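Listing of target_18.pdb; format and content: PDB, C-alpha atoms.
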ATOM      1  CA  MET A   1       8.575  17.331   1.421
ATOM      2  CA  ILE A   2       6.004  17.944  -1.290
ATOM      3  CA  ARG A   3       5.874  21.047  -3.439
ATOM      4  CA  TYR A   4       2.593  22.030  -5.065
ATOM      5  CA  GLU A   5       2.081  23.776  -8.391
ATOM      6  CA  ARG A   6      -1.211  25.525  -9.060
ATOM      7  CA  HIS A   7      -2.237  25.962 -12.680
ATOM      8  CA  ALA A   8      -4.325  28.712 -14.234
ATOM      9  CA  SER A   9      -7.178  26.220 -14.596
ATOM     10  CA  GLY A  10      -7.329  25.847 -10.807
ATOM     11  CA  GLU A  11      -5.860  22.342 -10.899
ATOM     12  CA  LEU A  12      -3.060  21.363  -8.550
ATOM     13  CA  THR A  13      -0.040  19.118  -9.087
ATOM     14  CA  ALA A  14       2.086  17.604  -6.330
ATOM     15  CA  VAL A  15       5.812  17.463  -7.076
ATOM     16  CA  CYS A  16       8.039  15.313  -4.917
ATOM     17  CA  GLU A  17      11.421  13.618  -4.973
ATOM     18  CA  VAL A  18      11.431  10.035  -3.715
ATOM     19  CA  ALA A  19      14.567   8.210  -2.594
ATOM     20  CA  VAL A  20      14.778   4.799  -4.266
ATOM     21  CA  GLY A  21      17.968   3.085  -3.185
ATOM     22  CA  VAL A  22      20.775   5.520  -3.953
ATOM     23  CA  GLU A  23      18.701   7.365  -6.548
ATOM     24  CA  ARG A  24      16.234  10.214  -6.197
ATOM     25  CA  ARG A  25      13.316  10.252  -8.603
ATOM     26  CA  THR A  26      10.942  13.130  -9.219
ATOM     27  CA  PHE A  27       7.224  12.434  -9.497
ATOM     28  CA  ARG A  28       4.417  14.737 -10.537
ATOM     29  CA  VAL A  29       0.990  13.671  -9.267
ATOM     30  CA  PRO A  30      -2.085  15.493 -10.633
ATOM     31  CA  LEU A  31      -4.588  16.293  -7.885
ATOM     32  CA  GLY A  32      -7.370  17.781  -9.987
ATOM     33  CA  THR A  33      -9.199  20.960  -9.018
ATOM     34  CA  TRP A  34      -8.215  22.023  -5.527
ATOM     35  CA  PRO A  35      -9.978  25.112  -4.152
ATOM     36  CA  GLY A  36      -8.633  26.905  -1.104
ATOM     37  CA  GLU A  37      -5.283  26.385   0.581
ATOM     38  CA  GLU A  38      -2.770  23.857  -0.653
ATOM     39  CA  PRO A  39      -2.506  20.515   1.214
ATOM     40  CA  PRO A  40       0.195  20.175   3.910
ATOM     41  CA  ALA A  41       3.731  19.634   2.645
ATOM     42  CA  GLY A  42       3.789  16.314   4.510
ATOM     43  CA  GLY A  43       1.055  14.928   2.290
ATOM     44  CA  LEU A  44      -0.169  11.547   3.530
ATOM     45  CA  ARG A  45       2.305  11.605   6.441
ATOM     46  CA  GLU A  46       3.308   7.949   6.171
ATOM     47  CA  ALA A  47      -0.297   6.698   6.278
ATOM     48  CA  PRO A  48      -0.491   3.055   5.099
ATOM     49  CA  VAL A  49      -2.484   2.521   1.905
ATOM     50  CA  VAL A  50      -3.341  -1.045   0.906
ATOM     51  CA  VAL A  51      -3.427  -1.414  -2.879
ATOM     52  CA  LEU A  52      -5.655  -4.156  -4.309
ATOM     53  CA  PRO A  53      -5.678  -5.101  -8.006
ATOM     54  CA  HIS A  54      -9.481  -5.545  -7.845
ATOM     55  CA  HIS A  55     -12.383  -5.637  -5.370
ATOM     56  CA  ASP A  56     -12.430  -9.385  -4.695
ATOM     57  CA  ARG A  57     -10.529  -9.346  -1.379
ATOM     58  CA  LEU A  58     -11.715  -5.980  -0.079
ATOM     59  CA  ALA A  59     -13.653  -7.491   2.846
ATOM     60  CA  VAL A  60     -10.600  -9.550   3.851
ATOM     61  CA  VAL A  61      -8.388  -6.458   3.981
ATOM     62  CA  ARG A  62     -10.974  -4.472   5.951
ATOM     63  CA  LEU A  63     -11.264  -7.171   8.610
ATOM     64  CA  ALA A  64      -7.494  -7.630   8.882
ATOM     65  CA  VAL A  65      -6.890  -3.887   9.298
ATOM     66  CA  THR A  66      -9.568  -3.589  11.984
ATOM     67  CA  ARG A  67      -8.332  -6.609  13.939
ATOM     68  CA  ALA A  68      -4.668  -5.616  13.800
ATOM     69  CA  GLY A  69      -4.989  -1.847  14.122
ATOM     70  CA  GLY A  70      -8.275  -1.236  15.895
ATOM     71  CA  VAL A  71      -9.318   1.179  13.164
ATOM     72  CA  GLU A  72     -11.825   1.126  10.321
ATOM     73  CA  PRO A  73     -10.012   1.660   6.991
ATOM     74  CA  SER A  74     -11.330   4.067   4.373
ATOM     75  CA  LEU A  75     -11.970   2.988   0.792
ATOM     76  CA  VAL A  76     -10.554   5.664  -1.514
ATOM     77  CA  ALA A  77     -10.485   6.098  -5.292
ATOM     78  CA  PRO A  78      -7.028   5.581  -6.882
ATOM     79  CA  ASP A  79      -6.651   9.341  -7.275
ATOM     80  CA  GLY A  80      -4.063  11.601  -5.665
ATOM     81  CA  GLY A  81      -6.559  14.296  -4.752
ATOM     82  CA  ALA A  82      -8.934  11.792  -3.149
ATOM     83  CA  LEU A  83      -6.109  10.292  -1.086
ATOM     84  CA  LEU A  84      -4.968  13.668   0.225
ATOM     85  CA  ARG A  85      -8.507  14.766   1.086
ATOM     86  CA  LYS A  86      -9.206  11.546   2.981
ATOM     87  CA  ALA A  87      -5.917  11.885   4.881
ATOM     88  CA  GLN A  88      -6.822  15.448   5.833
ATOM     89  CA  GLN A  89     -10.100  14.078   7.214
ATOM     90  CA  GLY A  90      -8.097  11.903   9.599
ATOM     91  CA  ALA A  91      -8.023   8.515   7.849
ATOM     92  CA  GLU A  92      -5.370   6.322   9.482
ATOM     93  CA  VAL A  93      -5.507   3.523   6.909
ATOM     94  CA  MET A  94      -6.773   3.680   3.347
ATOM     95  CA  ILE A  95      -7.581   1.013   0.762
ATOM     96  CA  VAL A  96      -7.387   1.509  -2.990
ATOM     97  CA  THR A  97      -8.817  -0.985  -5.477
ATOM     98  CA  SER A  98      -8.045  -1.305  -9.192
ATOM     99  CA  GLY A  99      -4.501  -0.307  -8.286
ATOM    100  CA  SER A 100      -1.382  -0.526 -10.437
ATOM    101  CA  GLY A 101       2.303   0.279 -10.340
ATOM    102  CA  ARG A 102       1.457   3.903 -11.056
ATOM    103  CA  THR A 103      -0.810   3.894  -8.003
ATOM    104  CA  LEU A 104       2.124   2.720  -5.873
ATOM    105  CA  ASN A 105       4.254   5.540  -7.307
ATOM    106  CA  ALA A 106       1.621   8.174  -6.510
ATOM    107  CA  ILE A 107       1.158   7.010  -2.914
ATOM    108  CA  ARG A 108       4.908   7.101  -2.252
ATOM    109  CA  ALA A 109       5.223  10.488  -3.944
ATOM    110  CA  LEU A 110       2.442  11.855  -1.748
ATOM    111  CA  GLY A 111       4.220  10.672   1.387
ATOM    112  CA  GLY A 112       2.239   7.485   2.065
ATOM    113  CA  ARG A 113       3.166   3.831   2.624
ATOM    114  CA  PRO A 114       1.864   1.759  -0.306
ATOM    115  CA  LEU A 115       1.198  -1.871   0.666
ATOM    116  CA  PRO A 116       0.272  -4.041  -2.319
ATOM    117  CA  ALA A 117      -2.053  -6.954  -1.519
ATOM    118  CA  LEU A 118      -0.500  -9.490  -3.854
ATOM    119  CA  PRO A 119      -2.507 -12.251  -5.588
ATOM    120  CA  TRP A 120      -0.050 -15.037  -4.742
ATOM    121  CA  SER A 121      -1.958 -17.637  -6.761
ATOM    122  CA  SER A 122      -0.778 -15.998 -10.005
ATOM    123  CA  ARG A 123       2.747 -14.773 -10.705
ATOM    124  CA  ALA A 124       1.453 -13.128 -13.882
ATOM    125  CA  ALA A 125      -1.077 -11.126 -11.851
ATOM    126  CA  ILE A 126       1.662  -9.980  -9.456
ATOM    127  CA  THR A 127       3.819  -8.878 -12.373
ATOM    128  CA  GLU A 128       0.865  -6.979 -13.803
ATOM    129  CA  LEU A 129       0.210  -5.196 -10.508
ATOM    130  CA  PHE A 130       3.824  -4.024 -10.318
ATOM    131  CA  GLU A 131       3.942  -2.893 -13.953
ATOM    132  CA  GLY A 132       5.074   0.720 -14.063
ATOM    133  CA  CYS A 133       6.177   0.754 -10.416
ATOM    134  CA  LEU A 134       9.321   2.878 -10.024
ATOM    135  CA  VAL A 135       9.562   2.880  -6.226
ATOM    136  CA  ASP A 136      10.402   0.324  -3.567
ATOM    137  CA  VAL A 137       7.527  -0.728  -1.322
ATOM    138  CA  ASP A 138       6.819  -3.000   1.626
ATOM    139  CA  VAL A 139       5.619  -6.404   0.400
ATOM    140  CA  ALA A 140       3.641  -8.407   2.960
ATOM    141  CA  VAL A 141       4.129 -12.162   2.532
ATOM    142  CA  PRO A 142       1.749 -14.352   4.533
ATOM    143  CA  ARG A 143       3.624 -16.468   7.067
ATOM    144  CA  LEU A 144       2.987 -20.133   6.307
ATOM    145  CA  ALA A 145       4.792 -23.373   7.120
ATOM    146  CA  GLY A 146       6.358 -26.309   5.340
ATOM    147  CA  THR A 147       5.904 -26.714   1.599
ATOM    148  CA  GLU A 148       3.439 -23.803   1.440
ATOM    149  CA  ARG A 149       6.063 -21.414   2.790
ATOM    150  CA  ALA A 150       8.704 -22.841   0.465
ATOM    151  CA  ALA A 151       6.424 -22.250  -2.533
ATOM    152  CA  LEU A 152       5.837 -18.627  -1.539
ATOM    153  CA  ARG A 153       9.536 -17.977  -1.005
ATOM    154  CA  ALA A 154      10.234 -19.485  -4.427
ATOM    155  CA  ALA A 155       7.697 -17.078  -5.948
ATOM    156  CA  VAL A 156       9.348 -14.141  -4.164
ATOM    157  CA  ALA A 157      12.744 -15.170  -5.552
ATOM    158  CA  ALA A 158      11.438 -15.808  -9.071
ATOM    159  CA  LEU A 159       9.813 -12.377  -9.187
ATOM    160  CA  HIS A 160      12.933 -10.708  -7.684
ATOM    161  CA  LEU A 161      10.737  -9.010  -5.099
ATOM    162  CA  ASP A 162      13.350  -9.201  -2.351
ATOM    163  CA  ALA A 163      15.928  -7.583  -4.642
ATOM    164  CA  VAL A 164      13.760  -4.530  -5.336
ATOM    165  CA  HIS A 165      11.326  -4.211  -2.435
ATOM    166  CA  HIS A 166      11.174  -4.760   1.349
ATOM    167  CA  VAL A 167       9.715  -8.228   1.903
ATOM    168  CA  VAL A 168       8.069  -8.730   5.299
ATOM    169  CA  GLU A 169       6.601 -12.013   6.546
ATOM    170  CA  VAL A 170       3.291 -11.332   8.298
ATOM    171  CA  ASP A 171       0.964 -13.680  10.152
ATOM    172  CA  PRO A 172      -2.288 -13.254   8.192
ATOM    173  CA  GLY A 173      -4.372 -14.438  11.131
ATOM    174  CA  SER A 174      -5.864 -17.318   9.141
ATOM    175  CA  ASP A 175      -8.506 -19.401  10.890
ATOM    176  CA  ARG A 176      -7.699 -22.373   8.691
ATOM    177  CA  GLY A 177      -7.243 -25.309  11.067
ATOM    178  CA  ALA A 178      -4.088 -27.347  10.985
ATOM    179  CA  GLU A 179      -6.143 -30.478  10.565
ATOM    180  CA  THR A 180      -7.702 -29.483   7.241
ATOM    181  CA  ASN A 181      -6.412 -30.912   3.978
ATOM    182  CA  LEU A 182      -7.675 -27.992   1.918
ATOM    183  CA  ALA A 183      -5.125 -25.868   0.109
ATOM    184  CA  PRO A 184      -4.938 -22.284   1.401
ATOM    185  CA  ASP A 185      -6.555 -19.433  -0.504
ATOM    186  CA  LEU A 186      -3.296 -17.639  -1.257
ATOM    187  CA  ASP A 187      -4.977 -14.499  -2.584
ATOM    188  CA  ALA A 188      -7.027 -14.131   0.599
ATOM    189  CA  LEU A 189      -3.954 -14.757   2.752
ATOM    190  CA  GLY A 190      -2.000 -12.166   0.772
ATOM    191  CA  ALA A 191      -4.771  -9.610   1.234
ATOM    192  CA  ALA A 192      -4.984 -10.402   4.949
ATOM    193  CA  ALA A 193      -1.219 -10.055   5.378
ATOM    194  CA  ALA A 194      -1.248  -6.611   3.741
ATOM    195  CA  GLY A 195      -4.190  -5.580   5.926
ATOM    196  CA  VAL A 196      -2.502  -6.798   9.114
ATOM    197  CA  LEU A 197       0.669  -4.888   8.255
ATOM    198  CA  ALA A 198      -1.338  -1.722   7.534
ATOM    199  CA  GLY A 199      -3.173  -2.050  10.838
ATOM    200  CA  ARG A 200       0.046  -2.554  12.784
ATOM    201  CA  LEU A 201       1.666   0.471  11.142
ATOM    202  CA  ALA A 202      -1.354   2.619  12.007
ATOM    203  CA  ALA A 203      -1.387   1.398  15.610
ATOM    204  CA  GLY A 204       2.335   2.087  15.943
ATOM    205  CA  SER A 205       1.915   5.595  14.548
ATOM    206  CA  ARG A 206      -0.972   6.217  16.964
ATOM    207  CA  ARG A 207       1.162   5.176  19.952
ATOM    208  CA  TRP A 208       4.015   7.401  18.781
ATOM    209  CA  ARG A 209       1.728  10.437  18.431
ATOM    210  CA  ALA A 210       0.319   9.830  21.935
ATOM    211  CA  ARG A 211       3.733  10.225  23.588
TER     212      ARG A 211
END
Rendering of file as structure tokens:
Amino acid sequence: MIRYERHASGELTAVCEVAVGVERRTFRVPLGTWPGEEPPAGGLREAPVVVLPHHDRLAVVRLAVTRAGGVEPSLVAPDGGALLRKAQQGAEVMIVTSGSGRTLNAIRALGGRPLPALPWSSRAAITELFEGCLVDVDVAVPRLAGTERAALRAAVAALHLDAVHHVVEVDPGSDRGAETNLAPDLDALGAAAAGVLAGRLAAGSRRWRAR
């Protein structure tokens, strides 16, 4: 559960312990000025938040979330206060652009499910996105076949993603025909896979709440 500290300036800080393997790490997430009552102790309540390194694949993620989860995702600034406010407004899935490892930390600390949309065409870009990340997250890997799948699995192993995070193969719902000789757009497929996973998590949570 999250504990909140209110400062004399009126600003609020969320304090939470996150279990990472056998360790527990304490995070302090500034929320900015927060008038009125404190947010719920459950924070984001396991809401999936897709984290993009930039805006380029935003439309891909939106479409994937809507198709897989039947819900329109909300674009939110990479700010703890903005995330909590949007969750309180009922957002089932959120998308953050210009994200980083610190963004992943904040989402986990606030009780959300960070889902990085990895740019699989560049191992350096993936490393940069995870820089500063101190938590384990779900990593959506687009499900491919043959040599394309082997190349992705090699990238996962080289980056030690499966040793630190929870790697999940996801069908990105690509419309690329089997007959085409064009190489896949790995960044788009990575964004779609993260969006599909977010949509499925939201749909599953909705079914559970309806019981």
Once the PyMOL selection byres ((chain A and resi 57-61) around 10) has been applied to the shown file, what residues remain in the selection, as a PyMOL selection string?
-> chain A and resi 50-56+62-67+73+75+95-97+117+119+187-196+198-199
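Interatomic distance, atom CA of Ala140 of chain A against atom CA of Leu197 of chain A: 7.0 Å.
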Could you work out how far atom CA of Asp162 of chain A lies from atom CA of Gly112 of chain A, giving the answer in Å with one decimal?
-> 20.5 Å
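Neighbouring residues of Arg6 of chain A at 10 Å or closer, counting only C-alpha atoms and skipping chain neighbours under 6 positions away, are Leu12, Thr13, Ala14, Leu31, Gly32, Thr33, Trp34 and Glu38 of chain A.
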Interatomic distance, atom CA of Lys86 of chain A to atom CA of Val20 of chain A (Å, one decimal) | 25.9 Å
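Considering the residues A:Asp136, A:Arg206, A:Val15, A:Arg123 and counting all atoms listed in the file, Gly90 of chain A has its shortest atom-to-atom contact with A:Arg206.
When the PyMOL selection byres ((chain A and resi 163-165) around 8) is evaluated against the file, it yields Asp136, Val137, Asp138, Val139, His160, Leu161, Asp162, His166 and Val167 of chain A.
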Run through the PyMOL selection byres ((chain A and resi 153) around 12) on the given coordinates and return the selected residues as a PDB file with C-alpha atoms, keeping the file's coordinate frame.
ATOM      1  CA  TRP A 120      -0.050 -15.037  -4.742  1.00  0.00           C
ATOM      2  CA  ALA A 140       3.641  -8.407   2.960  1.00  0.00           C
ATOM      3  CA  VAL A 141       4.129 -12.162   2.532  1.00  0.00           C
ATOM      4  CA  PRO A 142       1.749 -14.352   4.533  1.00  0.00           C
ATOM      5  CA  ARG A 143       3.624 -16.468   7.067  1.00  0.00           C
ATOM      6  CA  LEU A 144       2.987 -20.133   6.307  1.00  0.00           C
ATOM      7  CA  ALA A 145       4.792 -23.373   7.120  1.00  0.00           C
ATOM      8  CA  GLY A 146       6.358 -26.309   5.340  1.00  0.00           C
ATOM      9  CA  THR A 147       5.904 -26.714   1.599  1.00  0.00           C
ATOM     10  CA  GLU A 148       3.439 -23.803   1.440  1.00  0.00           C
ATOM     11  CA  ARG A 149       6.063 -21.414   2.790  1.00  0.00           C
ATOM     12  CA  ALA A 150       8.704 -22.841   0.465  1.00  0.00           C
ATOM     13  CA  ALA A 151       6.424 -22.250  -2.533  1.00  0.00           C
ATOM     14  CA  LEU A 152       5.837 -18.627  -1.539  1.00  0.00           C
ATOM     15  CA  ALA A 154      10.234 -19.485  -4.427  1.00  0.00           C
ATOM     16  CA  ALA A 155       7.697 -17.078  -5.948  1.00  0.00           C
ATOM     17  CA  VAL A 156       9.348 -14.141  -4.164  1.00  0.00           C
ATOM     18  CA  ALA A 157      12.744 -15.170  -5.552  1.00  0.00           C
ATOM     19  CA  ALA A 158      11.438 -15.808  -9.071  1.00  0.00           C
ATOM     20  CA  LEU A 159       9.813 -12.377  -9.187  1.00  0.00           C
ATOM     21  CA  HIS A 160      12.933 -10.708  -7.684  1.00  0.00           C
ATOM     22  CA  LEU A 161      10.737  -9.010  -5.099  1.00  0.00           C
ATOM     23  CA  ASP A 162      13.350  -9.201  -2.351  1.00  0.00           C
ATOM     24  CA  VAL A 167       9.715  -8.228   1.903  1.00  0.00           C
ATOM     25  CA  VAL A 168       8.069  -8.730   5.299  1.00  0.00           C
ATOM     26  CA  GLU A 169       6.601 -12.013   6.546  1.00  0.00           C
TER      27      GLU A 169
END
Among listed residues A:Val170, A:Ile107, A:Val29, A:Leu186, nearest Ser122 of chain A (using only C-alpha atoms) = A:Leu186
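Using only C-alpha atoms for every distance, the candidate list A:Gly80, A:Leu134, A:Gly36, A:Pro184 yields A:Pro184 as the residue closest to Ser121 of chain A.
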Between A:Pro39, A:Ala77, A:Phe27, A:Arg85, which is the closest to Arg102 of chain A once you count only C-alpha atoms?
-> A:Phe27
Put the listed atoms of segment 88-96 of chain A in a box along x, y and z with 6 Å added on every side and give me the centre and edge lengths in Å to one decimal, as lines of an AutoDock Vina configuration file.
center_x = -7.7
center_y = 8.2
center_z = 3.3
size_x = 16.7
size_y = 26.4
size_z = 24.6
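Counting only C-alpha atoms and comparing A:Pro114, A:Pro172, A:Gly99, A:Gly81, the residue that lies closest to Pro35 of chain A is A:Gly81.
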